[in-house]
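Next comes work_19.txt, a file with compact mmCIF, C-alpha atoms.
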# COMPACT_ATOMS: atom_id res chain seq x y z
CA MET U 1 0.00 0.00 0.00
CA HIS U 2 2.75 2.44 1.01
CA SER U 3 4.83 1.46 -2.03
CA LEU U 4 1.93 2.27 -4.38
CA GLN U 5 1.41 5.67 -2.77
CA SER U 6 5.14 6.29 -3.07
CA LEU U 7 4.98 5.27 -6.74
CA ASP U 8 2.08 7.66 -7.33
CA GLU U 9 4.05 10.50 -5.75
CA LYS U 10 7.01 9.80 -8.03
CA LEU U 11 4.78 9.62 -11.07
CA LEU U 12 3.02 12.85 -10.18
CA HIS U 13 6.21 14.67 -9.17
CA PRO U 14 9.08 12.96 -11.02
CA PRO U 15 12.70 14.00 -10.51
CA LEU U 16 13.54 16.44 -13.30
CA ILE U 17 16.40 15.62 -15.64
CA PRO U 18 18.23 18.75 -16.87
CA HIS U 19 19.03 19.34 -20.55
CA LEU U 20 16.54 16.77 -21.77
CA TYR U 21 16.09 17.07 -25.53
CA GLY U 22 15.44 15.06 -28.66
CA TRP U 23 15.28 11.29 -28.51
CA LYS U 24 16.27 11.25 -24.82
CA ARG U 25 13.22 13.35 -23.92
CA PHE U 26 11.06 11.10 -26.09
CA CYS U 27 12.32 7.98 -24.28
CA VAL U 28 11.83 9.48 -20.81
CA GLU U 29 8.32 10.75 -21.60
CA PHE U 30 7.39 7.45 -23.21
CA LEU U 31 8.66 5.57 -20.14
CA PHE U 32 6.60 7.73 -17.78
CA PHE U 33 3.59 7.52 -20.09
CA GLY U 34 3.79 3.72 -19.99
CA ALA U 35 4.25 3.69 -16.21
CA LYS U 36 1.23 5.95 -15.67
CA GLU U 37 -0.88 3.89 -18.07
CA ALA U 38 0.07 0.68 -16.25
CA ARG U 39 -0.69 2.26 -12.88
CA SER U 40 -4.05 3.56 -14.17
CA CYS U 41 -4.89 -0.01 -15.18
CA LEU U 42 -4.39 -1.31 -11.63
CA PHE U 43 -7.97 -2.56 -11.21
CA VAL U 44 -8.16 -3.64 -14.86
CA GLY U 45 -4.85 -5.50 -14.63
CA LEU U 46 -5.60 -7.29 -11.36
CA PHE U 47 -9.08 -8.24 -12.47
CA PHE U 48 -8.03 -9.61 -15.85
CA LEU U 49 -5.05 -11.35 -14.27
CA SER U 50 -7.55 -13.23 -12.12
CA ILE U 51 -9.45 -14.19 -15.29
CA PHE U 52 -6.28 -15.79 -16.63
CA ILE U 53 -5.19 -17.62 -13.48
CA VAL U 54 -8.50 -18.82 -12.00
CA PRO U 55 -9.08 -22.29 -13.49
CA LYS U 56 -12.28 -23.08 -15.36
CA SER U 57 -13.17 -25.57 -12.63
CA GLY U 58 -12.98 -22.84 -10.00
CA ILE U 59 -11.10 -22.95 -6.70
CA TRP U 60 -11.99 -25.66 -4.17
CA ILE U 61 -15.77 -25.87 -4.28
CA ILE U 62 -16.25 -22.29 -5.48
CA PRO U 63 -17.16 -21.95 -9.20
CA ARG U 64 -14.98 -19.72 -11.39
CA TYR U 65 -17.51 -16.91 -11.86
CA ASP U 66 -18.06 -16.71 -8.09
CA VAL U 67 -14.31 -16.57 -7.45
CA LEU U 68 -13.99 -13.71 -9.93
CA PHE U 69 -16.83 -11.85 -8.21
CA ILE U 70 -15.16 -12.22 -4.81
CA ILE U 71 -11.80 -11.10 -6.22
CA ALA U 72 -13.35 -8.00 -7.85
CA ILE U 73 -14.99 -6.95 -4.56
CA ILE U 74 -11.73 -7.49 -2.64
CA ILE U 75 -9.77 -5.38 -5.14
CA GLN U 76 -12.28 -2.55 -4.92
CA LEU U 77 -12.37 -2.58 -1.11
CA TRP U 78 -8.57 -2.66 -1.00
CA MET U 79 -8.31 0.33 -3.36
CA VAL U 80 -10.65 2.39 -1.18
CA TYR U 81 -8.96 1.28 2.07
CA SER U 82 -5.53 2.16 0.68
CA LYS U 83 -6.88 5.54 -0.55
CA LEU U 84 -6.08 4.72 -4.16
CA GLU U 85 -9.76 5.41 -4.80
CA THR U 86 -12.15 7.75 -2.98
CA LEU U 87 -15.65 6.87 -1.86
CA ASP U 88 -17.09 9.17 -4.54
CA GLU U 89 -15.04 7.35 -7.15
CA LEU U 90 -16.23 4.02 -5.78
CA LYS U 91 -19.82 5.21 -6.19
CA ALA U 92 -19.08 6.03 -9.84
CA VAL U 93 -17.48 2.61 -10.35
CA MET U 94 -20.58 0.95 -8.88
CA LEU U 95 -22.77 3.00 -11.24
CA PHE U 96 -20.71 1.67 -14.17
CA HIS U 97 -21.25 -1.82 -12.74
CA ILE U 98 -25.03 -1.37 -12.65
CA VAL U 99 -25.19 0.13 -16.15
CA GLY U 100 -23.09 -2.74 -17.51
CA PHE U 101 -25.03 -5.42 -15.64
CA VAL U 102 -28.39 -4.19 -16.98
CA LEU U 103 -26.97 -4.33 -20.50
CA GLU U 104 -25.64 -7.84 -19.86
CA VAL U 105 -29.04 -9.08 -18.66
CA PHE U 106 -30.67 -7.83 -21.83
CA LYS U 107 -27.98 -9.09 -24.21
CA THR U 108 -27.96 -12.60 -22.71
CA SER U 109 -31.74 -12.94 -22.43
CA ALA U 110 -33.50 -15.80 -24.22
CA ASN U 111 -34.90 -13.54 -26.94
CA ILE U 112 -31.60 -11.84 -27.74
CA GLN U 113 -28.69 -14.19 -26.90
CA SER U 114 -25.96 -11.91 -28.23
CA TRP U 115 -23.54 -13.84 -26.01
CA SER U 116 -23.71 -16.24 -23.09
CA TYR U 117 -21.96 -17.26 -19.87
CA PRO U 118 -21.83 -21.06 -20.11
CA ASP U 119 -20.47 -21.92 -16.64
CA PHE U 120 -22.47 -22.51 -13.46
CA ALA U 121 -22.29 -19.91 -10.66
CA TYR U 122 -24.12 -19.25 -7.41
CA THR U 123 -23.89 -15.52 -8.10
CA LYS U 124 -25.71 -15.66 -11.40
CA VAL U 125 -28.73 -13.39 -11.61
CA LEU U 126 -30.96 -13.73 -14.68
CA ASN U 127 -28.25 -15.89 -16.29
CA VAL U 128 -25.60 -13.19 -15.80
CA PRO U 129 -22.78 -13.65 -13.26
CA LEU U 130 -22.44 -10.62 -11.01
CA PHE U 131 -18.74 -10.29 -11.75
CA SER U 132 -19.56 -9.22 -15.33
CA GLY U 133 -20.55 -5.72 -14.25
CA PHE U 134 -17.01 -5.19 -12.99
CA MET U 135 -15.72 -5.49 -16.55
CA TYR U 136 -17.59 -2.28 -17.33
CA ALA U 137 -16.58 -0.79 -13.97
CA ALA U 138 -12.95 -1.47 -14.92
CA ILE U 139 -13.26 1.06 -17.77
CA GLY U 140 -14.51 3.71 -15.36
CA SER U 141 -11.77 2.88 -12.85
CA TYR U 142 -9.13 3.31 -15.57
CA ILE U 143 -10.48 6.71 -16.64
CA ILE U 144 -10.64 7.94 -13.03
CA GLN U 145 -7.09 6.83 -12.24
CA ALA U 146 -5.68 8.17 -15.52
CA TRP U 147 -7.36 11.53 -14.93
CA ARG U 148 -5.45 11.96 -11.69
CA LEU U 149 -2.07 10.57 -12.74
CA PHE U 150 -1.92 12.39 -16.08
CA ASP U 151 -3.47 15.57 -14.62
CA LEU U 152 -5.96 15.53 -17.46
CA LYS U 153 -7.64 18.69 -18.67
CA ILE U 154 -10.36 18.85 -21.29
CA TYR U 155 -10.68 21.86 -23.59
CA HIS U 156 -13.69 22.68 -25.77
CA HIS U 157 -15.82 19.97 -24.21
CA PRO U 158 -19.37 20.14 -25.62
CA PRO U 159 -22.14 21.44 -23.32
CA TYR U 160 -23.02 18.82 -20.72
CA ILE U 161 -26.61 18.52 -21.88
CA PHE U 162 -25.51 17.45 -25.38
CA ALA U 163 -22.92 15.03 -23.97
CA VAL U 164 -25.55 13.45 -21.72
CA ILE U 165 -28.13 13.16 -24.52
CA THR U 166 -25.53 11.54 -26.77
CA SER U 167 -24.57 9.06 -24.05
CA LEU U 168 -28.22 8.15 -23.50
CA LEU U 169 -28.67 7.58 -27.25
CA ILE U 170 -25.59 5.35 -27.28
CA TYR U 171 -26.91 3.28 -24.39
CA ILE U 172 -30.46 3.07 -25.73
CA ASN U 173 -29.21 1.96 -29.14
CA PHE U 174 -27.54 -1.08 -27.55
CA PHE U 175 -31.08 -2.23 -26.72
CA THR U 176 -33.25 -0.90 -29.52
CA HIS U 177 -31.09 -1.97 -32.47
CA HIS U 178 -32.48 -5.48 -32.01
CA TYR U 179 -35.96 -4.16 -32.85
CA PHE U 180 -35.72 -0.89 -34.78
CA GLY U 181 -32.37 -1.04 -36.60
CA ASP U 182 -28.83 -0.13 -35.64
CA TYR U 183 -28.28 3.63 -35.63
CA ARG U 184 -24.74 3.32 -34.28
CA TRP U 185 -23.11 5.06 -37.25
CA TYR U 186 -25.56 7.94 -37.16
CA ILE U 187 -24.75 8.41 -33.49
CA ALA U 188 -21.03 8.11 -34.29
CA ALA U 189 -21.41 10.85 -36.91
CA GLY U 190 -23.05 13.03 -34.26
CA VAL U 191 -20.19 12.25 -31.88
CA LEU U 192 -17.65 13.36 -34.51
CA GLY U 193 -19.38 16.71 -34.82
CA LEU U 194 -19.90 17.12 -31.09
CA TYR U 195 -16.31 16.36 -30.05
CA ALA U 196 -14.53 17.60 -33.20
CA ARG U 197 -12.80 20.47 -31.37
CA THR U 198 -12.40 18.72 -28.01
CA THR U 199 -8.81 18.25 -26.88
CA VAL U 200 -7.43 16.28 -23.95
CA VAL U 201 -4.29 17.72 -22.33
CA PHE U 202 -2.15 15.27 -20.36
CA THR U 203 1.24 15.32 -18.63
CA PRO U 204 3.37 12.19 -19.11
CA TYR U 205 6.48 13.72 -17.48
CA ASP U 206 6.99 17.46 -16.98
CA ARG U 207 5.35 18.97 -20.05
CA GLU U 208 1.76 19.06 -21.13
CA ARG U 209 0.89 17.17 -24.30
CA LYS U 210 -2.38 17.13 -26.15
CA MET U 211 -4.38 14.94 -28.48
CA PRO U 212 -7.93 14.90 -29.89
CA LEU U 213 -10.32 13.39 -27.39
CA LEU U 214 -11.93 11.37 -30.20
CA LEU U 215 -8.59 9.62 -30.81
CA ALA U 216 -8.43 8.71 -27.12
CA PHE U 217 -11.91 7.16 -27.32
CA ILE U 218 -10.90 5.09 -30.36
CA LEU U 219 -7.64 3.89 -28.79
CA ILE U 220 -9.26 2.88 -25.50
CA GLY U 221 -12.00 1.07 -27.44
CA PHE U 222 -9.34 -0.82 -29.37
CA PHE U 223 -7.58 -2.09 -26.25
CA ILE U 224 -10.90 -3.15 -24.73
CA TRP U 225 -11.61 -5.07 -27.93
CA LEU U 226 -8.24 -6.84 -27.54
CA ALA U 227 -9.11 -7.69 -23.93
CA GLU U 228 -12.46 -9.04 -25.10
CA ASN U 229 -10.68 -11.36 -27.53
CA ILE U 230 -8.50 -12.67 -24.70
CA SER U 231 -11.49 -13.14 -22.39
CA THR U 232 -13.49 -15.08 -24.95
CA PHE U 233 -10.42 -17.19 -25.73
CA PHE U 234 -10.37 -18.22 -22.06
CA GLY U 235 -14.10 -19.00 -22.28
CA ILE U 236 -15.28 -16.38 -19.78
CA TRP U 237 -18.18 -15.71 -22.14
CA LYS U 238 -18.93 -16.78 -25.68
CA TYR U 239 -20.54 -15.33 -28.76
CA PRO U 240 -22.77 -17.63 -30.83
CA ASN U 241 -20.00 -18.17 -33.42
CA GLN U 242 -17.61 -19.26 -30.65
CA ILE U 243 -19.68 -22.07 -29.18
CA THR U 244 -17.90 -24.92 -31.00
CA SER U 245 -14.47 -23.27 -31.40
CA TRP U 246 -12.94 -19.88 -30.64
CA SER U 247 -12.72 -17.23 -33.34
CA MET U 248 -11.71 -13.59 -33.20
CA VAL U 249 -14.36 -11.15 -32.00
CA HIS U 250 -15.74 -9.18 -34.95
CA THR U 251 -14.02 -5.83 -35.43
CA GLY U 252 -17.44 -4.19 -35.37
CA LYS U 253 -17.33 -4.63 -31.58
CA TRP U 254 -14.46 -2.12 -31.54
CA SER U 255 -16.90 0.65 -32.50
CA SER U 256 -19.34 -0.52 -29.82
CA TRP U 257 -16.64 -0.33 -27.16
CA ALA U 258 -15.49 3.10 -28.35
CA LEU U 259 -19.05 4.38 -28.00
CA LEU U 260 -19.35 2.76 -24.57
CA VAL U 261 -16.14 4.54 -23.53
CA ILE U 262 -17.78 7.86 -24.47
CA MET U 263 -20.73 7.05 -22.23
CA THR U 264 -18.41 6.03 -19.38
CA PHE U 265 -16.32 9.17 -19.88
CA THR U 266 -19.44 11.36 -19.65
CA ILE U 267 -20.44 9.78 -16.33
CA THR U 268 -16.88 10.24 -15.02
CA VAL U 269 -16.87 13.94 -15.93
CA PHE U 270 -19.56 14.58 -13.33
CA LEU U 271 -17.23 13.69 -10.45
CA LYS U 272 -16.70 16.97 -8.61
CA HIS U 273 -12.90 17.01 -8.64
CA ILE U 274 -12.83 16.08 -12.32
CA LYS U 275 -15.46 18.55 -13.47
CA LYS U 276 -13.15 21.39 -12.40
CA THR U 277 -10.68 20.45 -15.16
CA VAL U 278 -13.26 20.51 -17.97
CA TYR U 279 -13.53 23.70 -20.01
CA ILE U 280 -16.72 24.35 -21.98
CA PRO U 281 -16.57 27.36 -24.32
CA ARG U 282 -19.38 29.84 -23.75

Would you mind writing the file out in structure tokens?
Amino acid sequence: MHSLQSLDEKLLHPPLIPHLYGWKRFCVEFLFFGAKEARSCLFVGLFFLSIFIVPKSGIWIIPRYDVLFIIAIIIQLWMVYSKLETLDELKAVMLFHIVGFVLEVFKTSANIQSWSYPDFAYTKVLNVPLFSGFMYAAIGSYIIQAWRLFDLKIYHHPPYIFAVITSLLIYINFFTHHYFGDYRWYIAAGVLGLYARTTVVFTPYDRERKMPLLLAFILIGFFIWLAENISTFFGIWKYPNQITSWSMVHTGKWSSWALLVIMTFTITVFLKHIKKTVYIPR
């Protein structure tokens, strides 16, 4: 616990190297960028590590999904106890869990069956293991941690009302596209217009750097898509085309994850200490 807090202090206030130019500066900034990204993925990393190491048969008499649920709760409680996460941030993470779990219940229902969780678990509710919501919560945890470690600032963020409406449309489309058609690309076009001027400013080492916020959404969505491929390979859940043998998750899921990141980002923005770093032009 103390070592992590010490690491955070060093990442937030690194020792400055004089006369740092050219490729040397690039290497140092890249090193600190990687270290901050890894640290931001603490919950994500620990949770997905447990997915890899917990055997399919479970541990002792506890089924695998139940073990993963217990591990996720322990990680979250430990992060709050060690002050790596505040209670307000925990509340946001739990909101992500609920939002994700509701989506899971719908997607795995008998009428939809977009994917399934084949293993038995005591903590299954409506055919969905409770640990699944933490996979969505992991995205929120990453954004919260990265915001602090990179000292993120957002410039030209769209008015909150438009961001919220867009997020609601994204979420609703995950449900309604099964009945009324998939309007994902229309929503994506709206997102491009809404966030076209939005820039995220971050500090890997001692200087602020910036990139389009839309690019950040796309990159995060890509890495989630990679994690999804790994998870399905280990049989945590399965798509219909993976029942008999594993195959790569369709690249179309990348766009779904990128849109889900936007929704998660919008929820995160409303944390009080984060909202102060968001600039909306008047």

Practice task
Can you work out the spacing between CA of Val28 (chain U) and CA of Leu11 (chain U) in Å, to one decimal?
Solution key: 12.0 Å

Exercise for the section: For CA of Ser40 (chain U) and CA of Ser141 (chain U), quote the distance in Å rounded to one decimal. Expected result: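 Calculated distance between CA of Ser40 (chain U) and CA of Ser141 (chain U) is 7.9 Å.
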
Practice task
Compile the contact shell of region 55-71 of chain U as a list in words: residues with an atom at most 8 Å away, counting all atoms listed in the file, same-chain residues fewer than 5 positions apart removed.
Solution key: Phe47, Ser50, Asp119, Phe120, Ala121, Tyr122, Thr123, Pro129, Leu130 and Phe131 of chain U

Problem - From U:Thr266, U:Thr277, U:Thr251, U:Thr199, residue lying nearest Thr166 (chain U) [all atoms listed in the file] - result: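 For Thr166 (chain U), the nearest of the given residues is U:Thr266.
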
Handout entry: Minimum-distance residue to Glu85 (chain U), chosen among U:Gln5, U:Leu16, U:Cys27, U:Ala163 (using only C-alpha atoms)
Key =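 Answer, going by the shortest atom-to-atom distance: U:Gln5.
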
Fill in the blank from the handout: From CA of Gln242 (chain U) to CA of Ile51 (chain U) the spacing works out at 18.1 Å

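Of the residues under consideration (U:Val164, U:Leu7, U:Val261, U:Ala146), U:Ala146 shows the shortest atom-to-atom contact distance to Ile274 (chain U) when counting only C-alpha atoms.
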
Practice task
Can you pull out every residue within 9 Å of region 91-98 of chain U, counting all atoms listed in the file, but drop anything in the same chain fewer than 4 positions away, and send it as number ranges by chain?
Solution key: U: 86-87, 102-103, 131-141, 264, 267-268, 271

Exercise for the section: Give me the residues within 12 Å of Ser82 (chain U) as JSON, numbers by chain, counting all atoms listed in the file and dropping any in the same chain fewer than 4 places off. Expected result: {"U": [1, 2, 3, 4, 5, 74, 75, 76, 77, 78, 86, 87]}
